[in-house]
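Below is one structure, written out as structure tokens; comments come after it.
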Amino acid sequence: MTTLMINEIYHSIQGESSFVGLPCVFIRTMGCSLRCSYCDTEYAFYDGQEKEINWILKEVQKFKTKLFLLTGGEPLDQSNSLILLTLLCDQGYTACIETGGHLDISSIDERVHIILDVKTPSSKMDKKNHYKNLDIITKKDEVKFVVGNEDDLNWSLNIIEQYKLENKTNILISPVFGEVDYQWLAQRIIESNKKIRLQIQQHKIIWGPKKKSV
């Protein structure tokens, strides 16, 4: 029996990434091997149920939306996430995965859009970054830096330069919600002269920061 530990499945507006604003089906897996200081999904660490992949597929099919995001927690902590992603691609979904950047992404189906979260120093998890991922990331994928202060931003800009990410992939910089001035961050991105997308968590602006899902 092929199963995954699932925290929730729901249909909402994508609040992040280059797919922002589009209707999307979300599958949130249970469990995470990181403990980021700014984590906003701690409820997914321990709360979930074991579900067969065929059951998950049927739940997703109840919605007419063909955009899908596998998130967490940390989906790659469960190897069967790879099977689910491939099956969704086979069924014609635009499949995305959001992963913390500390686990190898090389086994993910090449059709999947990878949103790779490179952990900044204020997360307290930056020592766990698997930097080899930045050598295999592609132009269809996205690399995200969550910025909590100026040191995080400067660190992120250095990583972008060091790994020549502008030539490899799409770059997102996202402020820790409620902790960073949007105008300051926007101005710094403009001044960087780099091809960076400022990402503001749209779902938190619409429904508020404390709402788990819609």
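Numbering starts fresh at 1 for the residues of each chain in the structure tokens, the chains themselves are lettered A, B, ... in the order given, and ligands are numbered from 1 as they appear.
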| request: Excluding Ser106 (chain A) and any residue of its chain fewer than 6 positions from it, enumerate the residues within 9 Å of it, using only C-alpha atoms, and give them as number ranges by chain. | output: A: 133, 136-137
| request: Step one, run DSSP on the backbone; step two, keep only residues of chain A assigned to strand (DSSP E); then write them as a VMD selection string. | output: chain A and resid 3 to 13 23 to 29 49 to 52 67 to 71 94 to 99 113 to 118 142 to 147 170 to 175 197 to 198
| task | Could you give me, as a VMD selection string, the residues within 9 Å of region 145-150 of chain A, counting only C-alpha atoms and dropping anything in the same chain fewer than 5 positions from it? | result | chain A and resid 38 116 to 123 155 to 156 171 to 177 179 to 180 185
Mind checking which residues fall within 8 Å of Pro75 (chain A), counting only C-alpha atoms, ignoring those fewer than 5 positions away in the same chain, and posting them as an mmCIF file with N, CA and C atoms, in the first residue's frame?
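Writing done, so here's part-v5.cif:
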data_model
loop_
_atom_site.group_PDB
_atom_site.id
_atom_site.type_symbol
_atom_site.label_atom_id
_atom_site.label_comp_id
_atom_site.auth_asym_id
_atom_site.auth_seq_id
_atom_site.Cartn_x
_atom_site.Cartn_y
_atom_site.Cartn_z
ATOM 1 N N ARG A 28 -0.933 19.434 1.835
ATOM 2 C CA ARG A 28 0.094 19.689 2.849
ATOM 3 C C ARG A 28 0.427 18.374 3.554
ATOM 4 N N THR A 29 1.672 17.962 3.455
ATOM 5 C CA THR A 29 2.110 16.745 4.130
ATOM 6 C C THR A 29 2.405 17.031 5.595
ATOM 7 N N MET A 30 2.377 15.971 6.381
ATOM 8 C CA MET A 30 2.696 16.090 7.797
ATOM 9 C C MET A 30 4.183 15.874 8.028
ATOM 10 N N CYS A 32 8.161 17.656 9.409
ATOM 11 C CA CYS A 32 9.243 18.467 8.835
ATOM 12 C C CYS A 32 10.512 18.242 9.638
ATOM 13 N N LEU A 70 2.287 20.673 -3.817
ATOM 14 C CA LEU A 70 2.608 19.788 -2.703
ATOM 15 C C LEU A 70 3.523 20.562 -1.765
ATOM 16 N N SER A 81 6.189 10.991 -1.827
ATOM 17 C CA SER A 81 5.813 12.262 -2.466
ATOM 18 C C SER A 81 6.235 12.271 -3.927
ATOM 19 N N ILE A 97 6.085 21.676 -6.272
ATOM 20 C CA ILE A 97 6.454 21.263 -4.926
ATOM 21 C C ILE A 97 7.222 22.391 -4.268
ATOM 22 N N GLU A 98 6.903 22.632 -3.000
ATOM 23 C CA GLU A 98 7.647 23.592 -2.197
ATOM 24 C C GLU A 98 8.464 22.793 -1.197
ATOM 25 N N THR A 99 9.789 22.965 -1.252
ATOM 26 C CA THR A 99 10.676 22.175 -0.408
ATOM 27 C C THR A 99 11.710 23.069 0.265
#
| said: Between CA of Thr138 (chain A) and CA of Lys168 (chain A), what is the distance in Å, rounded to a tenth? | reply: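 Interatomic distance here is 5.7 Å.
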| What is the distance, in Å and to one decimal place, between CA of Lys51 (chain A) and CA of Tyr10 (chain A)? |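 So the two atoms, CA of Lys51 (chain A) and CA of Tyr10 (chain A), lie 14.9 Å apart.
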